[in-house]
$ cat target_32.txt   # compact mmCIF, C-alpha atoms and all ligand atoms
# COMPACT_ATOMS: atom_id res chain seq x y z
CA MET A 1 81.16 102.77 119.82
CA ARG A 2 81.44 100.29 122.67
CA LEU A 3 84.28 97.82 122.86
CA THR A 4 83.21 94.27 122.12
CA ILE A 5 84.41 90.87 123.30
CA ARG A 6 86.38 90.64 120.04
CA ASP A 7 88.29 93.85 120.92
CA ILE A 8 89.10 92.35 124.33
CA GLN A 9 90.28 89.07 122.81
CA LYS A 10 92.40 90.92 120.22
CA MET A 11 94.21 92.63 123.10
CA LYS A 12 95.44 89.25 124.36
CA THR A 13 96.62 88.29 120.88
CA ALA A 14 98.43 91.63 120.55
CA GLY A 15 100.03 91.22 123.99
CA GLU A 16 98.22 94.31 125.34
CA ARG A 17 97.16 94.17 128.99
CA ILE A 18 93.47 94.60 129.77
CA ALA A 19 92.24 96.79 132.65
CA MET A 20 88.87 96.21 134.28
CA LEU A 21 87.24 97.92 137.27
CA THR A 22 84.02 97.31 139.09
CA ALA A 23 81.32 99.99 138.83
CA TYR A 24 77.94 100.16 140.51
CA ASP A 25 76.25 103.41 139.55
CA ALA A 26 76.49 106.43 137.23
CA THR A 27 79.33 108.03 139.24
CA SER A 28 81.58 104.97 139.32
CA GLY A 29 80.60 104.16 135.72
CA HIS A 30 81.58 107.63 134.56
CA LEU A 31 84.87 107.58 136.51
CA GLY A 32 85.63 104.03 135.38
CA GLU A 33 85.16 104.96 131.75
CA ALA A 34 87.25 108.13 132.17
CA SER A 35 90.09 105.98 133.59
CA GLY A 36 90.52 104.30 130.20
CA ALA A 37 89.65 100.81 131.51
CA GLN A 38 88.37 98.58 128.71
CA MET A 39 85.76 96.76 130.81
CA LEU A 40 83.53 97.61 133.78
CA LEU A 41 82.07 94.87 135.92
CA VAL A 42 78.82 95.43 137.77
CA GLY A 43 79.98 92.89 140.32
CA ASP A 44 77.95 91.23 143.03
CA SER A 45 80.68 92.68 145.27
CA LEU A 46 78.10 95.47 145.48
CA GLY A 47 76.58 93.34 148.23
CA MET A 48 79.63 94.16 150.34
CA VAL A 49 80.78 97.61 149.21
CA ILE A 50 77.36 99.19 148.50
CA GLN A 51 74.87 97.24 150.58
CA GLY A 52 77.13 96.59 153.59
CA HIS A 53 76.77 92.79 153.75
CA GLN A 54 79.58 90.43 154.80
CA SER A 55 79.37 88.44 151.54
CA THR A 56 77.92 88.61 148.02
CA ILE A 57 75.23 86.04 148.76
CA PRO A 58 72.31 88.41 149.56
CA VAL A 59 72.58 90.11 146.13
CA THR A 60 69.63 89.43 143.81
CA LEU A 61 69.20 89.65 140.05
CA ASP A 62 66.97 92.71 140.52
CA HIS A 63 69.87 94.47 142.27
CA ILE A 64 72.32 93.67 139.47
CA VAL A 65 69.84 94.75 136.79
CA TYR A 66 69.19 98.05 138.62
CA HIS A 67 72.90 98.86 139.12
CA SER A 68 73.85 97.72 135.60
CA GLN A 69 71.27 100.09 134.10
CA MET A 70 73.02 103.02 135.82
CA VAL A 71 76.49 101.98 134.66
CA VAL A 72 75.35 101.39 131.08
CA ARG A 73 73.61 104.80 131.05
CA ALA A 74 76.80 106.54 132.24
CA THR A 75 79.13 104.96 129.67
CA GLU A 76 79.58 104.94 125.90
CA ARG A 77 82.83 103.15 125.12
CA THR A 78 83.41 100.54 127.81
CA LEU A 79 82.26 96.93 127.63
CA VAL A 80 79.97 96.55 130.66
CA VAL A 81 79.72 93.06 132.17
CA GLY A 82 76.89 92.17 134.56
CA ASP A 83 77.46 89.61 137.32
CA MET A 84 74.98 86.76 137.72
CA PRO A 85 74.20 86.58 141.48
CA PHE A 86 74.10 83.58 143.82
CA MET A 87 71.72 80.80 142.71
CA THR A 88 70.47 82.61 139.62
CA TYR A 89 72.17 80.16 137.21
CA LYS A 90 72.88 76.91 139.02
CA ALA A 91 69.41 75.37 139.45
CA SER A 92 69.09 74.49 135.76
CA VAL A 93 70.35 75.54 132.33
CA GLU A 94 66.91 77.04 131.62
CA GLN A 95 67.06 79.13 134.79
CA ALA A 96 70.52 80.38 133.79
CA MET A 97 69.46 81.23 130.23
CA ASN A 98 66.33 83.08 131.35
CA ASN A 99 68.23 85.11 133.94
CA ALA A 100 71.17 85.91 131.63
CA ALA A 101 68.69 87.04 128.97
CA ARG A 102 66.84 89.21 131.50
CA LEU A 103 70.06 90.84 132.70
CA MET A 104 71.15 91.66 129.17
CA GLN A 105 67.74 92.77 127.91
CA GLU A 106 66.76 94.94 130.87
CA SER A 107 70.12 96.59 131.58
CA GLY A 108 71.96 96.68 128.25
CA VAL A 109 75.16 94.99 129.50
CA GLY A 110 77.35 93.53 126.75
CA ALA A 111 78.18 90.31 128.61
CA VAL A 112 77.41 88.39 131.78
CA LYS A 113 79.79 86.81 134.29
CA LEU A 114 79.20 83.64 136.23
CA GLU A 115 81.21 81.65 138.74
CA GLY A 116 82.26 78.03 138.28
CA GLY A 117 84.45 75.72 136.20
CA GLU A 118 83.91 72.37 134.51
CA TYR A 119 80.53 71.67 136.13
CA ILE A 120 79.05 74.96 134.86
CA ALA A 121 80.54 74.59 131.35
CA PRO A 122 77.36 73.09 129.80
CA THR A 123 75.44 76.14 131.07
CA ILE A 124 78.03 78.53 129.61
CA ASP A 125 77.79 76.66 126.31
CA ARG A 126 74.01 77.13 126.11
CA ILE A 127 74.09 80.82 127.12
CA VAL A 128 76.80 81.58 124.56
CA GLU A 129 74.90 79.57 121.95
CA ALA A 130 71.91 81.85 122.63
CA GLY A 131 74.06 84.89 121.75
CA ILE A 132 74.99 86.13 125.22
CA PRO A 133 78.76 86.58 125.78
CA VAL A 134 79.96 84.96 129.02
CA MET A 135 82.93 85.79 131.21
CA ALA A 136 83.76 82.83 133.46
CA HIS A 137 85.15 83.11 137.01
CA ILE A 138 87.25 80.40 138.68
CA GLY A 139 89.60 80.08 141.65
CA LEU A 140 88.11 81.66 144.76
CA THR A 141 84.51 82.11 143.70
CA PRO A 142 82.98 84.36 146.38
CA GLN A 143 79.46 82.92 146.04
CA SER A 144 80.93 79.64 147.41
CA VAL A 145 82.78 81.33 150.27
CA ASN A 146 80.90 79.23 152.83
CA GLN A 147 81.97 76.05 151.02
CA PHE A 148 85.62 77.24 150.88
CA GLY A 149 85.54 78.25 154.56
CA GLY A 150 86.73 81.81 153.91
CA PHE A 151 88.43 83.97 151.28
CA ARG A 152 91.49 81.71 150.73
CA VAL A 153 93.97 81.29 147.87
CA GLN A 154 92.93 78.34 145.67
CA GLY A 155 95.13 75.89 143.73
CA LYS A 156 98.15 75.70 146.00
CA ASP A 157 98.40 71.88 145.98
CA LYS A 158 98.65 69.44 143.08
CA ASP A 159 94.99 68.33 143.10
CA THR A 160 93.43 71.76 143.34
CA ALA A 161 95.92 73.21 140.82
CA GLU A 162 95.01 70.46 138.33
CA ARG A 163 91.33 71.10 139.00
CA LEU A 164 91.81 74.77 138.14
CA LEU A 165 93.64 73.90 134.90
CA CYS A 166 90.72 71.62 133.93
CA ASP A 167 88.19 74.30 134.89
CA ALA A 168 90.00 76.93 132.80
CA GLN A 169 90.11 74.64 129.77
CA ALA A 170 86.44 73.66 130.22
CA VAL A 171 85.11 77.22 130.34
CA GLN A 172 87.18 78.15 127.28
CA ASP A 173 85.87 75.09 125.40
CA ALA A 174 82.32 76.05 126.41
CA GLY A 175 82.75 79.42 124.69
CA ALA A 176 83.54 81.88 127.50
CA PHE A 177 85.24 84.96 125.97
CA ALA A 178 87.45 85.52 129.06
CA VAL A 179 87.95 84.06 132.51
CA VAL A 180 88.48 85.76 135.87
CA LEU A 181 91.13 84.05 138.04
CA GLU A 182 90.57 85.06 141.66
CA LEU A 183 93.06 84.32 144.47
CA VAL A 184 95.20 81.90 142.47
CA PRO A 185 99.01 81.61 142.95
CA ALA A 186 100.83 83.75 140.37
CA PRO A 187 102.77 80.85 138.72
CA LEU A 188 99.55 78.84 138.28
CA ALA A 189 97.77 81.88 136.83
CA GLN A 190 100.72 82.26 134.41
CA GLU A 191 100.42 78.60 133.40
CA ILE A 192 96.66 78.97 132.77
CA THR A 193 97.20 82.22 130.83
CA ASN A 194 99.82 80.55 128.60
CA ARG A 195 97.62 77.53 127.93
CA LEU A 196 94.41 79.42 127.11
CA LYS A 197 93.55 81.34 123.95
CA ILE A 198 91.01 83.52 125.80
CA PRO A 199 92.20 86.35 128.10
CA THR A 200 92.61 85.68 131.81
CA ILE A 201 91.59 88.55 134.09
CA GLY A 202 93.31 88.30 137.46
CA ILE A 203 92.38 89.51 140.91
CA GLY A 204 94.89 88.34 143.48
CA ALA A 205 96.41 86.15 140.76
CA GLY A 206 99.71 87.92 140.13
CA PRO A 207 101.12 89.91 137.22
CA TYR A 208 101.10 87.31 134.43
CA CYS A 209 97.38 87.36 133.59
CA SER A 210 96.15 88.99 130.36
CA GLY A 211 94.50 91.68 132.44
CA GLN A 212 93.46 92.70 135.95
CA VAL A 213 90.19 93.52 137.67
CA GLN A 214 89.93 95.49 140.88
CA VAL A 215 87.10 96.70 143.07
CA PHE A 216 86.46 100.45 142.65
CA HIS A 217 86.38 101.06 146.42
CA ASP A 218 89.69 99.21 147.02
CA VAL A 219 91.61 101.11 144.32
CA LEU A 220 90.32 104.45 145.62
CA GLY A 221 90.88 103.66 149.31
CA LEU A 222 87.25 104.43 150.11
CA PHE A 223 87.20 102.28 153.26
CA PRO A 224 89.79 103.53 155.78
CA SER A 225 90.11 100.22 157.62
CA PHE A 226 89.82 97.72 154.77
CA GLY A 227 92.29 96.77 152.05
CA PRO A 228 92.73 93.22 150.75
CA LYS A 229 96.35 92.07 150.15
CA HIS A 230 95.80 91.86 146.39
CA ALA A 231 94.62 95.48 146.09
CA LYS A 232 96.66 98.66 145.81
CA ARG A 233 95.23 101.88 147.22
CA TYR A 234 95.97 104.53 144.58
CA ALA A 235 94.46 107.31 146.70
CA GLU A 236 93.04 107.86 150.18
CA THR A 237 89.74 109.03 148.73
CA GLY A 238 87.73 107.98 151.79
CA ALA A 239 89.85 110.21 154.06
CA ILE A 240 89.64 113.13 151.59
CA MET A 241 85.85 112.79 151.44
CA GLU A 242 85.53 112.57 155.23
CA THR A 243 87.60 115.75 155.70
CA ALA A 244 85.49 117.61 153.14
CA LEU A 245 82.21 116.47 154.69
CA LYS A 246 83.35 117.40 158.21
CA GLN A 247 84.32 120.86 156.97
CA TYR A 248 80.85 121.25 155.43
CA VAL A 249 79.16 120.30 158.73
CA GLN A 250 81.40 122.72 160.68
CA GLU A 251 80.68 125.56 158.27
CA VAL A 252 76.90 124.96 158.45
CA GLN A 253 77.04 124.97 162.22
CA ALA A 254 79.23 128.07 162.31
CA GLY A 255 76.94 129.90 159.85
CA GLU A 256 79.78 130.14 157.30
CA PHE A 257 77.94 128.20 154.59
CA PRO A 258 76.13 129.19 152.45
CA THR A 259 77.51 132.64 151.65
CA ALA A 260 76.05 135.27 149.31
CA GLU A 261 77.96 133.50 146.52
CA ASN A 262 75.94 130.32 147.05
CA SER A 263 72.61 132.20 147.28
CA SER A 264 70.33 134.19 144.97
CA THR A 265 68.59 137.57 145.51
CA MET A 266 65.13 138.87 144.56
CA ASN A 267 63.45 142.16 143.79
CA GLU A 268 62.94 144.26 146.99
CA GLU A 269 59.49 145.39 145.82
CA VAL A 270 58.25 141.81 145.55
CA LEU A 271 59.58 141.15 149.00
CA THR A 272 57.81 144.19 150.45
CA GLU A 273 54.59 143.15 148.76
CA ILE A 274 54.60 139.58 150.07
CA ARG A 275 55.49 140.83 153.54
CA SER A 276 52.40 143.04 153.52
CA HIS A 277 50.22 140.01 152.57
CA TRP A 278 51.58 137.82 155.33
CA ARG A 279 51.33 140.28 158.21
O1 LIG A 301 81.84 90.90 142.15
C1 LIG A 301 82.97 91.28 141.83
O2 LIG A 301 83.34 92.44 142.01
C2 LIG A 301 83.85 90.30 141.23
C3 LIG A 301 85.27 90.71 140.95
C4 LIG A 301 86.00 91.00 142.16
C5 LIG A 301 85.96 89.76 140.06
O3 LIG A 301 83.45 89.21 140.96

$ encode --input "target_32.txt" --output "structure tokens"
Amino acid sequence: MRLTIRDIQKMKTAGERIAMLTAYDATSGHLGEASGAQMLLVGDSLGMVIQGHQSTIPVTLDHIVYHSQMVVRATERTLVVGDMPFMTYKASVEQAMNNAARLMQESGVGAVKLEGGEYIAPTIDRIVEAGIPVMAHIGLTPQSVNQFGGFRVQGKDKDTAERLLCDAQAVQDAGAFAVVLELVPAPLAQEITNRLKIPTIGIGAGPYCSGQVQVFHDVLGLFPSFGPKHAKRYAETGAIMETALKQYVQEVQAGEFPTAENSSTMNEEVLTEIRSHWR
């Protein structure tokens, strides 16, 4: 049985912290579920960590549908959330509803996530009304990185902090079941978490949120030269993989792999017979 948005909301009420990871394919989906995380996000961060872009902007709905299908297929228990990519929900409420419906119907995700606060609340309201659970995302919203002028902490001054409080309230009132707070000062994230009934899921928002979300590649240290301040590298998986792959290449070149153990044999008579045919 998969966890539902109600299970996630009950965790906030019970004071239990929620863990969420990104996942992009069957391998990360399987590992994410095995970790015990309650939610997996098929994030448009795949544009950066899978596709090699500098931002999430080139990601399309087709990409998210494709990657979500793999994660859903690899999991049984986790609530899988699919990210709505850049400009797939902001042109009109109808556009947003059609695309959210497509993502859910074609991939099997249990919820969708979209970026934006008060101005996107009417869209959230309509999508939720149509039966599609929505996770909101405020603070540093990566799809607007060009507008923000970089990946900067949001809500440090009075005006922007008040804006974030209004945004958080608006997405809750519109029916979002949870809200991601990205790159928000920890005391402001605490204030928002205390004011809201719905869970807050922080990334770079300090320890007082109802839960945390982290990018799979950051947690595993898959990129040797990249690690955002808000992430903790729990393993140097990239270095381990590189060492293993180099050893494989060396062994192939040295004729040490494969050995008899990695190979199969065949009947000598068959071999003799085919040799006689091919002379
Ligand atoms: O796309 C993503 O991975 C995200 C999380 C970092 C919140 O939006």

$ residues_near_ligand --input "target_32.txt" --ligand "ligand LIG 301 (chain A)" --cutoff "8 Å" --atoms "all atoms listed in the file" --output "ChimeraX atom specification"
/A:22,41-46,56,83,113,137,141-142,180-182,202-203,213-215

$ residues_around --input "target_32.txt" --residues "Gln169 of chain A" --least-positions-apart "4" --cutoff "7 Å" --atoms "only C-alpha atoms" --output "tab-separated table (two decimals) with C-alpha atoms, in the coordinates of the input"
chain	number	residue	atom	x	y	z
A	165	LEU	CA	93.64	73.90	134.90
A	173	ASP	CA	85.87	75.09	125.40
A	196	LEU	CA	94.41	79.42	127.11

$ atom_distance --input "target_32.txt" --atom1 "atom CA of Thr60 of chain A" --atom2 "atom CA of Phe86 of chain A"
7.4 Å

$ atom_distance --input "target_32.txt" --atom1 "atom CA of Gln51 of chain A" --atom2 "atom CA of Phe216 of chain A"
14.4 Å

$ residues_around --input "target_32.txt" --residues "Asn146 of chain A" --least-positions-apart "3" --cutoff "12 Å" --atoms "all atoms listed in the file" --output "ChimeraX atom specification"
/A:54-57,140-143,149-152

$ closest_residue --input "target_32.txt" --among "A:Val93, A:Leu3, A:Ile64, A:Val109" --to "Arg77 of chain A" --atoms "only C-alpha atoms"
A:Leu3

$ residues_near_point --input "target_32.txt" --point "(92.3, 106.8, 154.3)" --cutoff "8 Å" --atoms "all atoms listed in the file" --output "list of chain:residue names"
A:Gly221, A:Leu222, A:Phe223, A:Pro224, A:Ser225, A:Ala235, A:Glu236, A:Thr237, A:Gly238, A:Ala239, A:Ile240

$ residues_near_point --input "target_32.txt" --point "(81.7, 79.9, 134.3)" --cutoff "9 Å" --atoms "only C-alpha atoms" --output "list in words"
Lys113, Leu114, Glu115, Gly116, Gly117, Glu118, Tyr119, Ile120, Ala121, Thr123, Ile124, Val134, Met135, Ala136, His137, Ile138, Asp167, Ala168, Ala170, Val171, Ala174, Ala176 and Val179 of chain A

$ atom_distance --input "target_32.txt" --atom1 "atom CA of Val153 of chain A" --atom2 "atom CA of Pro187 of chain A"
12.7 Å

$ residues_around --input "target_32.txt" --residues "His230 of chain A" --least-positions-apart "3" --cutoff "9 Å" --atoms "only C-alpha atoms" --output "list in words"
Leu183, Ile203, Gly204, Ala205, Gly206, Gln214 and Gly227 of chain A

$ closest_residue --input "target_32.txt" --among "A:Ala161, A:Leu61, A:Ala74, A:Val270" --to "Leu31 of chain A" --atoms "all atoms listed in the file"
A:Ala74

$ residues_around --input "target_32.txt" --residues "Asp157 of chain A" --least-positions-apart "5" --cutoff "12 Å" --atoms "all atoms listed in the file" --output "list in words"
Glu162, Arg163, Leu164, Val184, Pro185 and Leu188 of chain A

$ closest_residue --input "target_32.txt" --among "A:Ile18, A:Ala178, A:Val249, A:Ala130" --to "Gly36 of chain A" --atoms "only C-alpha atoms"
A:Ile18

$ closest_residue --input "target_32.txt" --among "A:Ala23, A:Ala34, A:Leu245, A:Ile127" --to "Ile50 of chain A" --atoms "only C-alpha atoms"
A:Ala23

$ decode --input "target_32.txt" --residues "segment 114-140 of chain A" --atoms "N, CA, C and O atoms" --output "mmCIF file, in the first residue's frame"
data_model
loop_
_atom_site.group_PDB
_atom_site.id
_atom_site.type_symbol
_atom_site.label_atom_id
_atom_site.label_comp_id
_atom_site.auth_asym_id
_atom_site.auth_seq_id
_atom_site.Cartn_x
_atom_site.Cartn_y
_atom_site.Cartn_z
ATOM 1 N N LEU A 114 4.299 22.131 -7.846
ATOM 2 C CA LEU A 114 4.525 23.302 -8.696
ATOM 3 C C LEU A 114 5.043 24.476 -7.885
ATOM 4 O O LEU A 114 4.814 24.572 -6.684
ATOM 5 N N GLU A 115 5.791 25.333 -8.573
ATOM 6 C CA GLU A 115 6.460 26.452 -7.910
ATOM 7 C C GLU A 115 5.583 27.698 -7.942
ATOM 8 O O GLU A 115 4.932 27.971 -8.938
ATOM 9 N N GLY A 116 5.631 28.459 -6.824
ATOM 10 C CA GLY A 116 4.909 29.730 -6.792
ATOM 11 C C GLY A 116 4.064 29.863 -5.546
ATOM 12 O O GLY A 116 3.693 28.860 -4.933
ATOM 13 N N GLY A 117 3.754 31.130 -5.193
ATOM 14 C CA GLY A 117 2.994 31.398 -3.970
ATOM 15 C C GLY A 117 1.600 31.911 -4.269
ATOM 16 O O GLY A 117 0.846 31.270 -5.010
ATOM 17 N N GLU A 118 1.311 33.110 -3.723
ATOM 18 C CA GLU A 118 -0.048 33.659 -3.788
ATOM 19 C C GLU A 118 -0.600 33.711 -5.221
ATOM 20 O O GLU A 118 -1.738 33.356 -5.458
ATOM 21 N N TYR A 119 0.264 34.110 -6.191
ATOM 22 C CA TYR A 119 -0.251 34.306 -7.550
ATOM 23 C C TYR A 119 -0.658 32.978 -8.208
ATOM 24 O O TYR A 119 -1.470 32.960 -9.123
ATOM 25 N N ILE A 120 -0.101 31.857 -7.727
ATOM 26 C CA ILE A 120 -0.418 30.564 -8.348
ATOM 27 C C ILE A 120 -1.513 29.836 -7.543
ATOM 28 O O ILE A 120 -2.009 28.783 -7.957
ATOM 29 N N ALA A 121 -1.927 30.443 -6.425
ATOM 30 C CA ALA A 121 -2.919 29.797 -5.547
ATOM 31 C C ALA A 121 -4.229 29.447 -6.271
ATOM 32 O O ALA A 121 -4.751 28.337 -6.083
ATOM 33 N N PRO A 122 -4.772 30.341 -7.128
ATOM 34 C CA PRO A 122 -6.018 29.956 -7.825
ATOM 35 C C PRO A 122 -5.834 28.708 -8.699
ATOM 36 O O PRO A 122 -6.746 27.892 -8.841
ATOM 37 N N THR A 123 -4.625 28.543 -9.253
ATOM 38 C CA THR A 123 -4.350 27.351 -10.070
ATOM 39 C C THR A 123 -4.308 26.111 -9.178
ATOM 40 O O THR A 123 -4.880 25.062 -9.520
ATOM 41 N N ILE A 124 -3.636 26.243 -8.028
ATOM 42 C CA ILE A 124 -3.572 25.102 -7.087
ATOM 43 C C ILE A 124 -4.988 24.696 -6.695
ATOM 44 O O ILE A 124 -5.352 23.516 -6.696
ATOM 45 N N ASP A 125 -5.805 25.705 -6.400
ATOM 46 C CA ASP A 125 -7.185 25.454 -5.972
ATOM 47 C C ASP A 125 -7.938 24.606 -7.006
ATOM 48 O O ASP A 125 -8.589 23.625 -6.665
ATOM 49 N N ARG A 126 -7.797 24.959 -8.279
ATOM 50 C CA ARG A 126 -8.531 24.245 -9.327
ATOM 51 C C ARG A 126 -7.985 22.832 -9.526
ATOM 52 O O ARG A 126 -8.742 21.888 -9.760
ATOM 53 N N ILE A 127 -6.659 22.678 -9.434
ATOM 54 C CA ILE A 127 -6.075 21.335 -9.642
ATOM 55 C C ILE A 127 -6.509 20.412 -8.503
ATOM 56 O O ILE A 127 -6.898 19.259 -8.724
ATOM 57 N N VAL A 128 -6.460 20.952 -7.277
ATOM 58 C CA VAL A 128 -6.861 20.149 -6.110
ATOM 59 C C VAL A 128 -8.353 19.802 -6.215
ATOM 60 O O VAL A 128 -8.758 18.664 -5.954
ATOM 61 N N GLU A 129 -9.129 20.782 -6.618
ATOM 62 C CA GLU A 129 -10.578 20.587 -6.792
ATOM 63 C C GLU A 129 -10.855 19.444 -7.775
ATOM 64 O O GLU A 129 -11.812 18.687 -7.632
ATOM 65 N N ALA A 130 -9.957 19.304 -8.770
ATOM 66 C CA ALA A 130 -10.124 18.248 -9.779
ATOM 67 C C ALA A 130 -9.655 16.886 -9.257
ATOM 68 O O ALA A 130 -9.732 15.882 -9.966
ATOM 69 N N GLY A 131 -9.124 16.843 -8.036
ATOM 70 C CA GLY A 131 -8.744 15.557 -7.435
ATOM 71 C C GLY A 131 -7.267 15.231 -7.530
ATOM 72 O O GLY A 131 -6.865 14.080 -7.311
ATOM 73 N N ILE A 132 -6.458 16.218 -7.866
ATOM 74 C CA ILE A 132 -5.010 15.968 -7.991
ATOM 75 C C ILE A 132 -4.294 16.647 -6.815
ATOM 76 O O ILE A 132 -4.297 17.881 -6.714
ATOM 77 N N PRO A 133 -3.671 15.864 -5.912
ATOM 78 C CA PRO A 133 -2.970 16.477 -4.784
ATOM 79 C C PRO A 133 -1.786 17.326 -5.253
ATOM 80 O O PRO A 133 -1.044 16.918 -6.157
ATOM 81 N N VAL A 134 -1.636 18.491 -4.628
ATOM 82 C CA VAL A 134 -0.571 19.434 -5.029
ATOM 83 C C VAL A 134 0.361 19.725 -3.858
ATOM 84 O O VAL A 134 -0.092 20.052 -2.755
ATOM 85 N N MET A 135 1.666 19.604 -4.145
ATOM 86 C CA MET A 135 2.690 20.088 -3.211
ATOM 87 C C MET A 135 3.147 21.431 -3.776
ATOM 88 O O MET A 135 3.508 21.515 -4.956
ATOM 89 N N ALA A 136 3.115 22.476 -2.942
ATOM 90 C CA ALA A 136 3.559 23.796 -3.406
ATOM 91 C C ALA A 136 5.060 23.930 -3.157
ATOM 92 O O ALA A 136 5.671 23.092 -2.478
ATOM 93 N N HIS A 137 5.660 24.987 -3.707
ATOM 94 C CA HIS A 137 7.117 25.192 -3.597
ATOM 95 C C HIS A 137 7.358 26.694 -3.613
ATOM 96 O O HIS A 137 7.084 27.350 -4.620
ATOM 97 N N ILE A 138 7.839 27.228 -2.477
ATOM 98 C CA ILE A 138 8.089 28.677 -2.386
ATOM 99 C C ILE A 138 9.521 28.922 -1.883
ATOM 100 O O ILE A 138 10.224 27.992 -1.507
ATOM 101 N N GLY A 139 9.893 30.204 -1.841
ATOM 102 C CA GLY A 139 11.260 30.554 -1.471
ATOM 103 C C GLY A 139 12.059 30.714 -2.751
ATOM 104 O O GLY A 139 11.593 31.378 -3.692
ATOM 105 N N LEU A 140 13.218 30.068 -2.827
ATOM 106 C CA LEU A 140 13.960 30.071 -4.085
ATOM 107 C C LEU A 140 13.299 29.032 -4.982
ATOM 108 O O LEU A 140 13.375 27.831 -4.711
#
